[in-house]
file final_3.cif (mmCIF, C-alpha atoms, pLDDT in the B column; chains and numbers go by the auth columns)
data_upload
#
loop_
_atom_site.group_PDB
_atom_site.id
_atom_site.type_symbol
_atom_site.label_atom_id
_atom_site.label_comp_id
_atom_site.label_asym_id
_atom_site.label_seq_id
_atom_site.Cartn_x
_atom_site.Cartn_y
_atom_site.Cartn_z
_atom_site.B_iso_or_equiv
_atom_site.auth_seq_id
_atom_site.auth_asym_id
ATOM 1 C CA PRO A 1 107.944 143.307 57.874 62.00 19 A
ATOM 2 C CA ALA A 2 107.321 139.585 58.166 70.00 20 A
ATOM 3 C CA CYS A 3 105.150 137.243 56.169 74.00 21 A
ATOM 4 C CA ILE A 4 103.995 133.752 57.090 75.00 22 A
ATOM 5 C CA ILE A 5 102.777 131.438 54.364 75.00 23 A
ATOM 6 C CA GLY A 6 101.261 128.142 55.449 73.00 24 A
ATOM 7 C CA PHE A 7 101.054 125.044 53.282 73.00 25 A
ATOM 8 C CA GLY A 8 99.195 121.924 54.319 65.00 26 A
ATOM 9 C CA LEU A 9 96.687 123.678 56.548 61.00 27 A
ATOM 10 C CA PRO A 10 93.956 121.556 58.184 60.00 28 A
ATOM 11 C CA TYR A 11 91.433 120.142 55.719 59.00 29 A
ATOM 12 C CA LEU A 12 93.673 121.206 52.826 59.00 30 A
ATOM 13 C CA THR A 13 96.721 119.179 53.743 58.00 31 A
ATOM 14 C CA HIS A 14 98.320 116.439 51.729 58.00 32 A
ATOM 15 C CA GLY A 15 101.717 114.766 51.610 61.00 33 A
ATOM 16 C CA ASN A 16 102.984 116.958 48.781 70.00 34 A
ATOM 17 C CA SER A 17 102.907 120.385 50.488 75.00 35 A
ATOM 18 C CA VAL A 18 106.673 120.835 50.769 79.00 36 A
ATOM 19 C CA PRO A 19 107.631 121.179 47.054 82.00 37 A
ATOM 20 C CA PRO A 20 105.032 123.933 46.412 83.00 38 A
ATOM 21 C CA ALA A 21 106.227 125.733 49.558 83.00 39 A
ATOM 22 C CA LEU A 22 109.839 125.638 48.378 87.00 40 A
ATOM 23 C CA LEU A 23 108.918 126.717 44.841 88.00 41 A
ATOM 24 C CA SER A 24 106.858 129.589 46.258 89.00 42 A
ATOM 25 C CA ALA A 25 109.782 130.729 48.400 91.00 43 A
ATOM 26 C CA ILE A 26 112.065 130.722 45.360 92.00 44 A
ATOM 27 C CA GLU A 27 109.539 132.728 43.324 94.00 45 A
ATOM 28 C CA ILE A 28 109.070 135.255 46.146 93.00 46 A
ATOM 29 C CA ALA A 29 112.850 135.632 46.467 94.00 47 A
ATOM 30 C CA LYS A 30 113.234 136.229 42.711 95.00 48 A
ATOM 31 C CA ARG A 31 110.551 138.915 42.721 95.00 49 A
ATOM 32 C CA LEU A 32 112.047 140.646 45.753 94.00 50 A
ATOM 33 C CA GLN A 33 115.470 140.615 44.075 95.00 51 A
ATOM 34 C CA THR A 34 114.057 142.347 40.983 96.00 52 A
ATOM 35 C CA LEU A 35 112.604 145.010 43.291 96.00 53 A
ATOM 36 C CA LYS A 36 115.971 145.276 45.051 96.00 54 A
ATOM 37 C CA VAL A 37 114.350 144.353 48.370 94.00 55 A
ATOM 38 C CA SER A 38 116.393 142.222 50.755 94.00 56 A
ATOM 39 C CA TYR A 39 114.770 139.177 52.330 92.00 57 A
ATOM 40 C CA ARG A 40 115.362 136.355 54.794 93.00 58 A
ATOM 41 C CA ILE A 41 113.366 133.179 54.260 92.00 59 A
ATOM 42 C CA GLY A 42 113.186 130.202 56.610 91.00 60 A
ATOM 43 C CA ILE A 43 111.112 127.118 55.823 89.00 61 A
ATOM 44 C CA ALA A 44 110.259 124.508 58.444 87.00 62 A
ATOM 45 C CA THR A 45 108.045 121.445 58.584 82.00 63 A
ATOM 46 C CA ASP A 46 106.234 120.964 61.881 81.00 64 A
ATOM 47 C CA ARG A 47 102.940 121.639 63.592 79.00 65 A
ATOM 48 C CA LEU A 48 101.356 125.054 63.978 79.00 66 A
ATOM 49 C CA LEU A 49 98.089 126.601 65.043 80.00 67 A
ATOM 50 C CA CYS A 50 96.239 129.139 62.918 80.00 68 A
ATOM 51 C CA THR A 51 93.362 130.923 64.628 84.00 69 A
ATOM 52 C CA VAL A 52 91.415 134.154 64.895 85.00 70 A
ATOM 53 C CA LEU A 53 91.387 135.910 68.263 86.00 71 A
ATOM 54 C CA GLY A 54 89.966 139.081 69.686 84.00 72 A
ATOM 55 C CA SER A 55 86.469 140.516 69.931 84.00 73 A
ATOM 56 C CA SER A 56 83.747 141.299 67.410 82.00 74 A
ATOM 57 C CA VAL A 57 85.181 144.838 67.212 87.00 75 A
ATOM 58 C CA ARG A 58 88.782 143.897 66.572 86.00 76 A
ATOM 59 C CA ARG A 59 90.081 140.546 65.424 84.00 77 A
ATOM 60 C CA GLU A 60 93.547 139.362 64.563 85.00 78 A
ATOM 61 C CA TYR A 61 94.786 136.263 62.799 82.00 79 A
ATOM 62 C CA LEU A 62 97.378 134.397 64.826 83.00 80 A
ATOM 63 C CA VAL A 63 99.806 131.717 63.666 84.00 81 A
ATOM 64 C CA PHE A 64 102.145 130.099 66.168 85.00 82 A
ATOM 65 C CA GLY A 65 103.834 126.820 66.972 87.00 83 A
ATOM 66 C CA PRO A 66 107.079 124.917 66.420 88.00 84 A
ATOM 67 C CA ALA A 67 107.023 125.458 62.638 86.00 85 A
ATOM 68 C CA VAL A 68 106.965 129.244 63.060 87.00 86 A
ATOM 69 C CA ASP A 69 109.741 129.172 65.668 89.00 87 A
ATOM 70 C CA LYS A 70 111.982 126.965 63.524 89.00 88 A
ATOM 71 C CA ALA A 71 111.366 129.021 60.372 89.00 89 A
ATOM 72 C CA HIS A 72 112.181 132.224 62.269 89.00 90 A
ATOM 73 C CA ILE A 73 115.493 130.780 63.447 90.00 91 A
ATOM 74 C CA LEU A 74 116.337 129.654 59.899 90.00 92 A
ATOM 75 C CA ALA A 75 115.562 133.095 58.474 91.00 93 A
ATOM 76 C CA CYS A 76 118.867 134.476 59.689 89.00 94 A
ATOM 77 C CA ASN A 77 120.858 135.197 56.514 89.00 95 A
ATOM 78 C CA THR A 78 119.944 138.100 54.266 92.00 96 A
ATOM 79 C CA ASN A 79 118.992 137.147 50.702 93.00 97 A
ATOM 80 C CA GLN A 80 119.065 133.410 51.394 92.00 98 A
ATOM 81 C CA ILE A 81 116.483 130.666 51.714 91.00 99 A
ATOM 82 C CA LEU A 82 117.183 128.082 54.409 90.00 100 A
ATOM 83 C CA CYS A 83 115.032 125.061 55.238 89.00 101 A
ATOM 84 C CA SER A 84 115.018 122.549 58.059 88.00 102 A
ATOM 85 C CA HIS A 85 116.334 119.002 57.707 85.00 103 A
ATOM 86 C CA SER A 86 112.797 117.621 58.028 82.00 104 A
ATOM 87 C CA THR A 87 111.647 119.869 55.182 83.00 105 A
ATOM 88 C CA GLN A 88 114.519 118.725 53.006 82.00 106 A
ATOM 89 C CA SER A 89 113.767 115.072 53.804 81.00 107 A
ATOM 90 C CA SER A 90 110.069 115.530 53.018 77.00 108 A
ATOM 91 C CA CYS A 91 110.911 117.116 49.692 76.00 109 A
ATOM 92 C CA GLN A 92 113.337 114.337 48.762 74.00 110 A
ATOM 93 C CA ARG A 93 110.725 111.661 49.567 72.00 111 A
ATOM 94 C CA VAL A 94 108.090 113.366 47.422 66.00 112 A
ATOM 95 C CA CYS A 95 110.391 114.268 44.533 67.00 113 A
ATOM 96 C CA ASN A 96 112.081 110.861 44.221 63.00 114 A
#

call {"tool": "encode", "arguments": {"input": "final_3.cif", "output": "structure tokens"}}
result
Amino acid sequence: PACIIGFGLPYLTHGNSVPPALLSAIEIAKRLQTLKVSYRIGIATDRLLCTVLGSSVRREYLVFGPAVDKAHILACNTNQILCSHSTQSSCQRVCN
């Protein structure tokens, strides 16, 4: 199973979205470890599109874009959290 968590979505975005995203990933990883569930987490900073598609009978929520692609590539090592260079840079700017 896969899970996508978006921070800084339109109308809710601000320059400090990266630290909460990283802290959330760490908390999720800790909880999965206590449940003895393996995980792979990739965090990327870039654009993405979140939308609903389908008909009035069946609708699905779709998230796609460069951020999703980069995060998927980073999520390659079991039981590790990897983030992109741009995410790391954003976090350092906000935290310093």

call {"tool": "closest_residue", "arguments": {"input": "final_3.cif", "among": "A:Leu53, A:Ala20, A:Ile91, A:Ile61", "to": "Pro37 of chain A", "atoms": "all atoms listed in the file"}}
result
A:Ile61

call {"tool": "atom_distance", "arguments": {"input": "final_3.cif", "atom1": "atom CA of Ile22 of chain A", "atom2": "atom CA of Ile59 of chain A"}}
result
9.8 Å

call {"tool": "residues_near_point", "arguments": {"input": "final_3.cif", "point": "(110.3, 121.0, 57.2)", "cutoff": "8 Å", "atoms": "all atoms listed in the file", "output": "MDAnalysis selection string"}}
result
chainID A and resid 36 61:64 85 101:108

call {"tool": "resolve_selection", "arguments": {"input": "final_3.cif", "expression": "the PyMOL selection byres ((chain A and resi 43) around 12)", "output": "count of residues only"}}
result
31

call {"tool": "atom_distance", "arguments": {"input": "final_3.cif", "atom1": "atom CA of Ser56 of chain A", "atom2": "atom CA of Asn95 of chain A"}}
result
10.1 Å

call {"tool": "closest_residue", "arguments": {"input": "final_3.cif", "among": "A:Ser35, A:Thr52, A:Leu67, A:Cys109", "to": "Val86 of chain A", "atoms": "all atoms listed in the file"}}
result
A:Leu67

call {"tool": "closest_residue", "arguments": {"input": "final_3.cif", "among": "A:Ala89, A:Val55, A:Cys94, A:Leu80", "to": "Cys68 of chain A", "atoms": "only C-alpha atoms"}}
result
A:Leu80

call {"tool": "axis_aligned_box", "arguments": {"input": "final_3.cif", "around": "segment 91-96 of chain A", "padding_each_side": "4 Å", "output": "lines of an AutoDock Vina configuration file"}}
result
center_x = 118.2
center_y = 133.9
center_z = 58.9
size_x = 13.4
size_y = 16.4
size_z = 17.2

call {"tool": "atom_distance", "arguments": {"input": "final_3.cif", "atom1": "atom CA of Thr96 of chain A", "atom2": "atom CA of Val81 of chain A"}}
result
23.1 Å
